[in-house]
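Source file: start35.cif; contents: mmCIF, C-alpha atoms.
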```
data_upload
#
loop_
_atom_site.label_atom_id
_atom_site.label_comp_id
_atom_site.auth_asym_id
_atom_site.auth_seq_id
_atom_site.Cartn_x
_atom_site.Cartn_y
_atom_site.Cartn_z
CA MET A 1 97.44 146.14 84.10
CA ILE A 2 100.80 147.59 85.14
CA GLY A 3 102.80 149.97 82.99
CA SER A 4 105.92 149.14 81.04
CA ALA A 5 108.34 152.01 81.83
CA GLU A 6 111.54 150.77 83.46
CA VAL A 7 112.87 152.23 86.72
CA ALA A 8 116.50 152.81 87.62
CA ILE A 9 117.75 150.95 90.70
CA GLY A 10 120.68 153.25 91.42
CA ILE A 11 123.42 151.03 90.00
CA PRO A 12 124.70 152.76 86.85
CA GLY A 13 123.10 151.40 83.69
CA LEU A 14 120.72 149.01 85.47
CA SER A 15 116.94 149.19 85.57
CA LEU A 16 113.92 146.98 86.25
CA ALA A 17 110.52 146.74 84.61
CA PRO A 18 107.27 146.89 86.62
CA GLY A 19 106.49 143.43 87.92
CA ASP A 20 110.12 142.34 88.12
CA HIS A 21 111.19 139.98 90.90
CA ILE A 22 114.97 139.94 91.13
CA CYS A 23 117.42 138.04 93.30
CA ALA A 24 120.56 139.93 94.30
CA PHE A 25 123.39 137.73 95.48
CA TYR A 26 126.08 139.38 97.57
CA GLN A 27 129.11 138.45 99.62
CA GLY A 28 130.10 140.71 102.50
CA THR A 29 128.76 143.92 104.02
CA THR A 30 130.36 146.21 101.46
CA VAL A 31 128.59 144.61 98.49
CA HIS A 32 125.35 144.42 100.49
CA ASN A 33 125.42 148.19 101.05
CA GLU A 34 126.42 148.86 97.45
CA ILE A 35 123.10 147.28 96.44
CA LEU A 36 120.84 148.56 99.21
CA ALA A 37 121.90 152.22 99.43
CA PRO A 38 121.49 152.99 95.69
CA PHE A 39 118.16 151.13 95.67
CA ILE A 40 116.82 153.43 98.37
CA ARG A 41 118.40 156.55 96.87
CA SER A 42 116.84 155.90 93.47
CA ALA A 43 113.41 155.28 95.03
CA VAL A 44 113.59 158.53 97.00
CA ASP A 45 114.69 160.49 93.93
CA ALA A 46 111.81 159.04 91.90
CA HIS A 47 109.27 159.79 94.68
CA ASP A 48 108.31 156.12 94.85
CA LYS A 49 107.13 154.24 97.90
CA CYS A 50 110.02 152.16 99.26
CA ILE A 51 109.70 149.33 101.79
CA CYS A 52 112.88 147.62 102.98
CA ILE A 53 113.12 144.68 105.37
CA VAL A 54 116.57 144.81 106.87
CA GLY A 55 118.69 143.38 109.66
CA ARG A 56 119.14 145.16 112.98
CA LYS A 57 122.55 146.60 112.12
CA THR A 58 121.63 147.77 108.64
CA GLU A 59 120.03 151.11 109.49
CA ALA A 60 123.21 152.48 111.05
CA MET A 61 125.22 151.39 108.03
CA LEU A 62 122.67 153.01 105.74
CA ARG A 63 123.03 156.33 107.51
CA ASP A 64 126.72 156.31 106.67
CA ALA A 65 126.19 155.12 103.10
CA LEU A 66 123.46 157.68 102.35
CA ALA A 67 124.94 160.62 104.26
CA GLY A 68 124.71 163.83 102.26
CA THR A 69 122.38 162.34 99.62
CA VAL A 70 119.25 161.15 101.45
CA ASP A 71 117.68 162.50 104.63
CA LEU A 72 116.77 159.10 106.05
CA ASP A 73 114.83 160.47 109.02
CA ALA A 74 112.72 162.77 106.83
CA CYS A 75 111.92 159.96 104.39
CA VAL A 76 110.87 157.65 107.21
CA ALA A 77 108.83 160.37 108.91
CA SER A 78 106.96 161.16 105.68
CA GLY A 79 106.11 157.49 105.15
CA GLN A 80 107.84 157.30 101.80
CA LEU A 81 110.47 154.97 103.22
CA GLU A 82 109.82 152.11 105.62
CA LEU A 83 112.77 150.33 107.20
CA LEU A 84 111.31 147.30 108.91
CA PRO A 85 113.01 144.63 110.99
CA ILE A 86 112.25 140.97 110.41
CA GLU A 87 110.11 140.85 113.56
CA GLN A 88 107.70 143.46 112.13
CA SER A 89 107.43 141.86 108.72
CA TYR A 90 108.41 138.27 108.00
CA LEU A 91 107.87 137.17 111.60
CA ARG A 92 105.27 139.65 112.81
CA GLY A 93 102.96 136.79 113.85
CA GLY A 94 105.78 134.99 115.63
CA SER A 95 106.34 132.61 112.74
CA PHE A 96 106.49 132.72 108.94
CA THR A 97 103.90 131.66 106.38
CA ALA A 98 103.78 132.51 102.69
CA ASN A 99 100.13 133.57 102.82
CA GLU A 100 100.61 135.98 105.70
CA MET A 101 103.61 137.58 104.03
CA LEU A 102 101.75 138.03 100.76
CA GLU A 103 98.92 139.68 102.71
CA PHE A 104 101.51 141.95 104.31
CA TRP A 105 102.74 143.14 100.90
CA ASP A 106 99.22 143.51 99.59
CA THR A 107 98.29 145.75 102.52
CA ARG A 108 101.49 147.83 102.46
CA VAL A 109 101.88 148.23 98.72
CA GLY A 110 98.19 148.41 97.89
CA GLY A 111 97.59 150.93 100.66
CA ALA A 112 100.50 153.14 99.60
CA LEU A 113 99.40 153.24 95.97
CA ALA A 114 95.74 153.75 96.85
CA SER A 115 96.69 156.77 98.98
CA GLY A 116 97.43 158.78 95.85
CA HIS A 117 100.84 159.83 97.14
CA TYR A 118 102.78 157.30 95.06
CA GLY A 119 102.53 155.89 91.58
CA PHE A 120 105.06 153.11 92.04
CA ALA A 121 106.37 150.89 94.84
CA ARG A 122 109.74 149.27 95.41
CA ALA A 123 110.32 146.57 97.99
CA LEU A 124 113.52 144.95 99.15
CA GLY A 125 113.95 142.13 101.61
CA GLU A 126 117.01 140.63 103.27
CA ALA A 127 116.17 136.94 102.97
CA THR A 128 119.29 134.98 103.96
CA TRP A 129 118.03 134.48 107.52
CA ALA A 130 114.98 132.52 106.33
CA VAL A 131 116.73 129.89 104.26
CA GLN A 132 119.23 129.35 107.09
CA ASP A 133 116.42 128.57 109.56
CA PRO A 134 115.16 124.98 109.17
CA ARG A 135 111.76 126.02 110.55
CA PHE A 136 111.08 128.37 107.66
CA ALA A 137 113.37 127.48 104.75
CA GLU A 138 110.92 125.36 102.74
CA GLU A 139 108.00 127.72 103.30
CA PHE A 140 110.12 130.69 102.31
CA VAL A 141 110.95 129.16 98.94
CA VAL A 142 107.21 128.61 98.39
CA TYR A 143 106.69 132.28 99.23
CA GLU A 144 109.32 133.30 96.68
CA ALA A 145 107.43 131.35 94.01
CA GLU A 146 104.07 132.88 94.97
CA LEU A 147 105.53 136.39 94.78
CA ASN A 148 105.64 135.98 91.02
CA ARG A 149 101.84 135.75 90.99
CA PHE A 150 101.45 138.74 93.28
CA LEU A 151 103.78 141.18 91.52
CA PRO A 152 101.66 141.88 88.42
CA GLN A 153 98.83 143.18 90.63
CA TYR A 154 100.55 146.54 91.22
CA PRO A 155 103.16 148.81 89.59
CA GLN A 156 106.05 147.54 91.68
CA VAL A 157 109.37 145.73 91.78
CA VAL A 158 110.78 143.42 94.45
CA MET A 159 114.43 142.68 95.13
CA CYS A 160 115.50 139.83 97.42
CA LEU A 161 118.97 139.90 98.97
CA TYR A 162 120.85 136.67 99.65
CA ALA A 163 124.36 136.21 101.04
CA ILE A 164 125.54 133.58 98.60
CA ASP A 165 128.32 132.30 100.86
CA ARG A 166 125.74 131.31 103.49
CA LEU A 167 123.39 129.25 101.30
CA ARG A 168 123.17 125.47 101.17
CA GLY A 169 123.21 123.99 97.70
CA ASP A 170 119.65 122.60 97.82
CA LEU A 171 118.24 125.96 98.93
CA LEU A 172 120.24 127.81 96.30
CA CYS A 173 118.48 125.68 93.69
CA GLY A 174 115.08 126.71 95.04
CA ILE A 175 116.05 130.37 95.06
CA LEU A 176 117.28 130.20 91.48
CA LYS A 177 114.06 128.55 90.31
CA THR A 178 111.84 131.25 91.84
CA HIS A 179 113.47 134.46 90.57
CA PRO A 180 113.04 135.46 86.91
CA LYS A 181 116.02 137.81 87.07
CA LEU A 182 119.37 137.86 88.87
CA LEU A 183 121.63 140.72 89.89
CA LEU A 184 125.20 139.50 89.51
CA GLY A 185 127.76 142.20 90.26
CA SER A 186 126.99 145.04 87.86
CA MET A 187 124.73 142.99 85.58
CA ILE A 188 121.07 142.01 85.53
CA VAL A 189 120.56 138.73 83.72
CA GLU A 190 117.52 136.71 82.71
CA ASN A 191 117.61 133.59 84.86
CA PRO A 192 117.72 130.41 82.73
CA TYR A 193 116.79 128.29 85.76
CA TYR A 194 113.55 130.14 86.54
CA MET A 195 110.36 128.07 86.65
CA ASP A 196 106.79 129.27 86.37
CA PRO A 197 105.30 129.21 89.91
CA THR A 198 102.64 126.65 89.00
CA GLU A 199 105.26 124.30 87.58
CA PHE A 200 107.68 124.92 90.44
CA LEU A 201 105.13 124.34 93.20
CA ALA A 202 103.88 121.19 91.49
CA SER A 203 107.44 119.87 91.38
CA ARG A 204 107.77 120.39 95.15
CA ARG A 205 104.75 118.19 95.79
CA ARG A 206 106.05 115.21 93.83
#
```

For this file, write the structure as structure tokens.
Amino acid sequence: MIGSAEVAIGIPGLSLAPGDHICAFYQGTTVHNEILAPFIRSAVDAHDKCICIVGRKTEAMLRDALAGTVDLDACVASGQLELLPIEQSYLRGGSFTANEMLEFWDTRVGGALASGHYGFARALGEATWAVQDPRFAEEFVVYEAELNRFLPQYPQVVMCLYAIDRLRGDLLCGILKTHPKLLLGSMIVENPYYMDPTEFLASRRR
């Protein structure tokens, strides 16, 4: 059973509880970095394991955003921080399936916590690419639902980043129904549209 102590996510006044699965909507690079950089900084400060799946250009932007506060190279070298491209995570098998991605998290998070070096794990994934790709969009929404069953297995939180101006309406509905919490600007809100994964997945099969 996971603990109940909340963890700060670097945005003043905001925190998450172990097991939280939160969707962070953003518009533009500036807002994206204002979410991602504090998330990493707070994980490093707390000595938590931090795994981030980011776009190819993100690492360079992070170096600027974290300059003087986080030694990015040292954190990566120590293994505390992993900055992974989509090709080494979501698409490491050449395609995307929910089961393979859940196995990925189980291996990475479970291994990190079992090592004894970390007591908590934080994961963040840039997800806009998946719901824009017709090959993976439906499967990715299934994955988002299944994450809610996986999260209670470890002391961890997961944040999913979506560029709201690039989402189709039907996919936005699926995203809303699979995230219990939403980050909207400087607020975390309980999502009134969230559906239990069993109920949500059953509705997709009708």

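If you apply the PyMOL selection byres ((chain A and resi 144) around 9) to this structure, you end up with Ala98, Glu139, Phe140, Val141, Val142, Tyr143, Ala145, Glu146, Leu147, Asn148, Gly174, Ile175, Thr178, His179 and Pro197 of chain A.
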
Could you pull the residues within 12 Å of A:Gln132, counting all atoms listed in the file, minus those fewer than 3 positions along the same chain, as a VMD selection string? chain A and resid 127 to 129 135 to 141 162 to 172

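Among the candidate residues A:Pro180, A:Arg41, A:Arg205, A:Asp106, the one lying nearest to A:Ala67 is A:Arg41, with distances computed using all atoms listed in the file.
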
Please expand the PyMOL selection byres ((chain A and resi 14-23) around 6) into the concrete residues it hits in this file, giving the result as a compact mmCIF listing (two decimals) with C-alpha atoms, keeping the file's coordinate frame.
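Just written: out_19.txt:
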```txt
# COMPACT_ATOMS: atom_id res chain seq x y z
CA GLU A 6 111.54 150.77 83.46
CA VAL A 7 112.87 152.23 86.72
CA ALA A 8 116.50 152.81 87.62
CA ILE A 9 117.75 150.95 90.70
CA ILE A 11 123.42 151.03 90.00
CA PRO A 12 124.70 152.76 86.85
CA GLY A 13 123.10 151.40 83.69
CA ALA A 24 120.56 139.93 94.30
CA LEU A 151 103.78 141.18 91.52
CA PRO A 152 101.66 141.88 88.42
CA PRO A 155 103.16 148.81 89.59
CA GLN A 156 106.05 147.54 91.68
CA VAL A 157 109.37 145.73 91.78
CA VAL A 158 110.78 143.42 94.45
CA MET A 159 114.43 142.68 95.13
CA CYS A 160 115.50 139.83 97.42
CA HIS A 179 113.47 134.46 90.57
CA LYS A 181 116.02 137.81 87.07
CA LEU A 182 119.37 137.86 88.87
```

For atom CA of A:Gln153 and atom CA of A:Val109, the interatomic separation in Å (one decimal): 10.0 Å

Measure the distance from atom CA of A:Tyr26 to atom CA of A:Leu161 in Å and round it to one decimal. 7.3 Å

Choose the residue, out of A:Ile51, A:Leu183, A:Val44, A:Val189, that has the smallest atom-to-atom separation from A:Thr107; count all atoms listed in the file. A:Ile51

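Straight-line separation from atom CA of A:Arg122 to atom CA of A:Cys50: 4.8 Å.
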
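Proximity to A:Gln80 was assessed for A:Thr58, A:Asn99, A:Ser115, A:Thr29 counting all atoms listed in the file; the smallest distance is recorded for A:Ser115.
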
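When only C-alpha atoms are used to measure the gap to A:Leu124, the shortest distance among A:Ile53, A:Leu201, A:Leu62, A:His47 belongs to A:Ile53.
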
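Distance check against A:Thr198 using only C-alpha atoms: of A:Gly185, A:Val131, A:Ala65, A:Arg149, the minimum falls on A:Arg149.
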
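For the residues A:Ser186, A:Gly28, A:Phe200, A:Gly125, ranking by smallest atom-to-atom distance to A:Gly10 using all atoms listed in the file places A:Ser186 first.
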